[in-house]
Amino acid sequence: AVSLENTPVIQAGYRGTFLCVFLNRSLTTPADSDIAAVYVASSQDGVNWDVPQEVYPPAVGVTSPVVCGRTIPEWIVSFSARDPQLGASDNDIFVSRSVNNGPFSSPKIIYPNTLLEKGHDHQVNLIFDPNQDQYLAVWSSNETFPGLGSDFDILLSTSPD
């Protein structure tokens, strides 16, 4: 299969570590339609990089990966996907965590009522607020929550962990 490698994002982390996340054809399955969020890490000030690995096995409709680090060697990757195996029937936002450049955890849906809603969630962005010791995520959604229309609006979620 031909490499896809697009939508790269990079984040500086703890003491000379960097993490780059991008979309690519799956590294583990042969189908050209299997898209995965892939990462490469460097713990040597960006001089040398590890072999690319998948954040999670290919998911249906993976788009818009982003990465966020904090002052300890921890990374959070978030992306949009519509994979029923992850519990999504529409585009939802997922997060996955890695500590010490290790493997990422299984993706979790970013907000608890996602299985009840049918709006499409896209274009997530993450930041870590060291003053509140929490992550903040913003994304675009056309969910019709009370007070919101059916057009796209910006939603926000915080996480203490």
# chains A, B, ... in the order shown; residues from 1 in each chain; ligands from 1
>>> residues_around(residues="Lys118 in chain A", least_positions_apart="6", cutoff="12 Å", atoms="only C-alpha atoms", output="short mmCIF file (atom, residue, chain, number, x, y, z; two decimals) with N, CA and C atoms, in the first residue's frame")
data_model
loop_
_atom_site.label_atom_id
_atom_site.label_comp_id
_atom_site.auth_asym_id
_atom_site.auth_seq_id
_atom_site.Cartn_x
_atom_site.Cartn_y
_atom_site.Cartn_z
N ARG A 82 -15.61 7.69 13.46
CA ARG A 82 -16.99 7.21 13.48
C ARG A 82 -17.01 5.67 13.51
N ALA A 88 -19.02 4.57 18.41
CA ALA A 88 -19.48 5.77 17.70
C ALA A 88 -20.27 5.39 16.46
N SER A 89 -21.47 5.92 16.34
CA SER A 89 -22.26 5.72 15.12
C SER A 89 -22.16 6.96 14.23
N ASP A 90 -21.67 8.05 14.78
CA ASP A 90 -21.42 9.28 14.04
C ASP A 90 -20.01 9.72 14.40
N ASN A 91 -19.53 10.83 13.89
CA ASN A 91 -18.20 11.30 14.24
C ASN A 91 -18.18 11.78 15.68
N ASP A 92 -17.33 11.18 16.49
CA ASP A 92 -17.17 11.55 17.88
C ASP A 92 -15.70 11.80 18.17
N SER A 141 -19.15 20.95 16.58
CA SER A 141 -20.20 19.93 16.59
C SER A 141 -21.51 20.53 16.06
N ASN A 142 -22.28 19.71 15.36
CA ASN A 142 -23.62 20.14 14.95
C ASN A 142 -24.70 19.45 15.76
N GLU A 143 -24.36 18.99 16.95
CA GLU A 143 -25.33 18.40 17.87
C GLU A 143 -26.34 19.48 18.29
N THR A 144 -27.59 19.10 18.42
CA THR A 144 -28.65 20.05 18.78
C THR A 144 -28.92 20.01 20.29
N PHE A 145 -27.91 20.37 21.09
CA PHE A 145 -28.11 20.49 22.53
C PHE A 145 -29.09 21.63 22.79
N SER A 150 -28.97 23.57 14.79
CA SER A 150 -28.41 22.40 14.10
C SER A 150 -27.19 22.77 13.27
#
>>> closest_atom_pairs(of="range 47-143 of chain A", to="range 10-30 of chain A", cutoff="8 Å", atoms="only C-alpha atoms", output="CSV")
residue,atom,partner,partner_atom,distance
A:Gln53,CA,A:Leu27,CA,7.5
A:Glu54,CA,A:Leu27,CA,7.1
A:Pro57,CA,A:Ser26,CA,7.5
A:Pro58,CA,A:Ser26,CA,5.9
A:Val62,CA,A:Leu23,CA,7.9
A:Thr63,CA,A:Leu23,CA,7.4
A:Pro65,CA,A:Phe22,CA,6.5
A:Val66,CA,A:Val21,CA,6.9
A:Val67,CA,A:Gln11,CA,6.4
A:Cys68,CA,A:Gln11,CA,6.4
A:Gly69,CA,A:Gly13,CA,5.4
A:Arg70,CA,A:Gly13,CA,6.4
A:Thr71,CA,A:Tyr14,CA,5.5
A:Ile72,CA,A:Tyr14,CA,5.9
A:Pro73,CA,A:Tyr14,CA,5.4
A:Glu74,CA,A:Gly13,CA,7.9
A:Trp75,CA,A:Leu19,CA,8.0
A:Val77,CA,A:Val21,CA,7.9
>>> atom_distance(atom1="CA of Ala81 in chain A", atom2="CA of Ala41 in chain A")
22.9 Å
>>> atom_distance(atom1="CA of Leu148 in chain A", atom2="CA of Ile76 in chain A")
28.6 Å
>>> closest_residue(among="A:Val138, A:Gly149, A:Ser64, A:Ala36", to="Pro52 in chain A", atoms="only C-alpha atoms")
A:Ala36
>>> residues_around(residues="Ser140 in chain A", least_positions_apart="4", cutoff="10 Å", atoms="only C-alpha atoms", output="number ranges by chain")
A: 93, 119-125, 151-156
>>> write_last_selection(atoms="all heavy atoms", output="short mmCIF file (atom, residue, chain, number, x, y, z; two decimals), in the first residue's frame")
data_model
loop_
_atom_site.label_atom_id
_atom_site.label_comp_id
_atom_site.auth_asym_id
_atom_site.auth_seq_id
_atom_site.Cartn_x
_atom_site.Cartn_y
_atom_site.Cartn_z
N ILE A 93 -15.43 12.45 19.29
CA ILE A 93 -14.07 12.80 19.68
C ILE A 93 -13.56 11.78 20.70
O ILE A 93 -14.24 11.47 21.68
CB ILE A 93 -14.01 14.22 20.29
CG1 ILE A 93 -14.61 15.25 19.33
CG2 ILE A 93 -12.59 14.58 20.68
CD1 ILE A 93 -13.89 15.39 18.01
N GLY A 119 -24.99 14.18 16.60
CA GLY A 119 -24.27 15.23 15.88
C GLY A 119 -22.88 14.77 15.48
O GLY A 119 -22.33 13.84 16.06
N HIS A 120 -22.32 15.43 14.50
CA HIS A 120 -20.97 15.12 14.05
C HIS A 120 -19.98 16.05 14.72
O HIS A 120 -20.14 17.27 14.69
CB HIS A 120 -20.89 15.22 12.53
CG HIS A 120 -21.71 14.18 11.84
ND1 HIS A 120 -21.33 12.86 11.78
CD2 HIS A 120 -22.90 14.27 11.22
CE1 HIS A 120 -22.25 12.16 11.13
NE2 HIS A 120 -23.21 13.00 10.79
N ASP A 121 -18.95 15.47 15.33
CA ASP A 121 -17.94 16.21 16.07
C ASP A 121 -16.63 16.16 15.29
O ASP A 121 -16.18 15.08 14.89
CB ASP A 121 -17.75 15.60 17.46
CG ASP A 121 -19.07 15.55 18.22
OD1 ASP A 121 -19.78 16.57 18.23
OD2 ASP A 121 -19.38 14.51 18.81
N HIS A 122 -16.01 17.33 15.09
CA HIS A 122 -14.82 17.43 14.25
C HIS A 122 -13.83 18.44 14.83
O HIS A 122 -14.18 19.25 15.68
CB HIS A 122 -15.19 17.93 12.84
CG HIS A 122 -16.15 17.07 12.12
ND1 HIS A 122 -15.78 15.93 11.45
CD2 HIS A 122 -17.49 17.17 11.96
CE1 HIS A 122 -16.84 15.38 10.90
NE2 HIS A 122 -17.89 16.11 11.20
N GLN A 123 -12.62 18.43 14.29
CA GLN A 123 -11.60 19.47 14.50
C GLN A 123 -11.32 19.74 15.97
O GLN A 123 -11.38 20.88 16.44
CB GLN A 123 -12.01 20.77 13.78
CG GLN A 123 -12.24 20.62 12.31
CD GLN A 123 -10.99 20.16 11.56
OE1 GLN A 123 -9.89 20.56 11.89
NE2 GLN A 123 -11.17 19.31 10.57
N VAL A 124 -10.97 18.71 16.71
CA VAL A 124 -10.65 18.86 18.12
C VAL A 124 -9.30 19.56 18.29
O VAL A 124 -8.42 19.44 17.44
CB VAL A 124 -10.65 17.48 18.83
CG1 VAL A 124 -9.56 16.58 18.29
CG2 VAL A 124 -10.54 17.64 20.34
N ASN A 125 -9.16 20.30 19.37
CA ASN A 125 -7.89 20.87 19.77
C ASN A 125 -7.75 20.71 21.28
O ASN A 125 -8.74 20.79 22.01
CB ASN A 125 -7.78 22.34 19.37
CG ASN A 125 -6.33 22.77 19.26
OD1 ASN A 125 -5.42 22.05 19.66
ND2 ASN A 125 -6.12 23.95 18.71
N ASP A 151 -26.77 24.04 13.34
CA ASP A 151 -25.52 24.42 12.65
C ASP A 151 -24.34 24.01 13.54
O ASP A 151 -24.51 23.49 14.63
CB ASP A 151 -25.50 25.93 12.39
CG ASP A 151 -25.53 26.74 13.67
OD1 ASP A 151 -26.08 26.25 14.68
OD2 ASP A 151 -25.01 27.86 13.67
N PHE A 152 -23.12 24.22 13.08
CA PHE A 152 -21.96 23.86 13.87
C PHE A 152 -21.68 24.91 14.93
O PHE A 152 -21.75 26.11 14.67
CB PHE A 152 -20.73 23.66 12.97
CG PHE A 152 -20.73 22.31 12.32
CD1 PHE A 152 -21.35 22.12 11.10
CD2 PHE A 152 -20.13 21.23 12.94
CE1 PHE A 152 -21.37 20.87 10.50
CE2 PHE A 152 -20.14 19.97 12.36
CZ PHE A 152 -20.76 19.79 11.13
N ASP A 153 -21.38 24.44 16.14
CA ASP A 153 -21.02 25.28 17.27
C ASP A 153 -19.74 24.74 17.89
O ASP A 153 -19.36 23.60 17.66
CB ASP A 153 -22.14 25.28 18.33
CG ASP A 153 -23.41 25.92 17.80
OD1 ASP A 153 -23.39 27.13 17.54
OD2 ASP A 153 -24.41 25.21 17.64
N ILE A 154 -19.11 25.56 18.72
CA ILE A 154 -17.88 25.16 19.40
C ILE A 154 -18.25 24.65 20.79
O ILE A 154 -18.95 25.32 21.55
CB ILE A 154 -16.90 26.34 19.52
CG1 ILE A 154 -16.58 26.91 18.15
CG2 ILE A 154 -15.63 25.91 20.26
CD1 ILE A 154 -15.98 25.93 17.17
N LEU A 155 -17.78 23.43 21.12
CA LEU A 155 -18.02 22.82 22.42
C LEU A 155 -16.70 22.73 23.19
O LEU A 155 -15.62 22.70 22.58
CB LEU A 155 -18.64 21.44 22.26
CG LEU A 155 -19.96 21.37 21.50
CD1 LEU A 155 -20.47 19.95 21.44
CD2 LEU A 155 -21.00 22.29 22.12
N LEU A 156 -16.79 22.64 24.51
CA LEU A 156 -15.62 22.61 25.38
C LEU A 156 -15.81 21.52 26.41
O LEU A 156 -16.90 21.31 26.92
CB LEU A 156 -15.45 23.95 26.09
CG LEU A 156 -14.42 23.97 27.20
CD1 LEU A 156 -13.11 24.54 26.67
CD2 LEU A 156 -14.90 24.76 28.39
#
>>> select_by_dssp(residues="chain A", states="strand (DSSP E)", output="JSON, numbers by chain")
{"A": [6, 7, 8, 9, 10, 11, 12, 18, 19, 20, 21, 22, 23, 24, 25, 35, 36, 37, 38, 39, 40, 41, 42, 53, 54, 63, 64, 65, 66, 67, 68, 69, 74, 75, 76, 77, 78, 79, 80, 81, 92, 93, 94, 95, 96, 97, 98, 99, 108, 109, 121, 122, 123, 124, 125, 126, 127, 128, 129, 134, 135, 136, 137, 138, 139, 140, 141, 153, 154, 155, 156, 157, 158, 159]}
>>> atom_distance(atom1="CA of Gln44 in chain A", atom2="CA of Gly102 in chain A")
15.3 Å
>>> select_by_dssp(residues="chain A", states="helix (DSSP H, G or I)", output="list in words")
Pro84, Gln85, Leu86, Pro112, Asn113, Thr114 and Leu115 of chain A
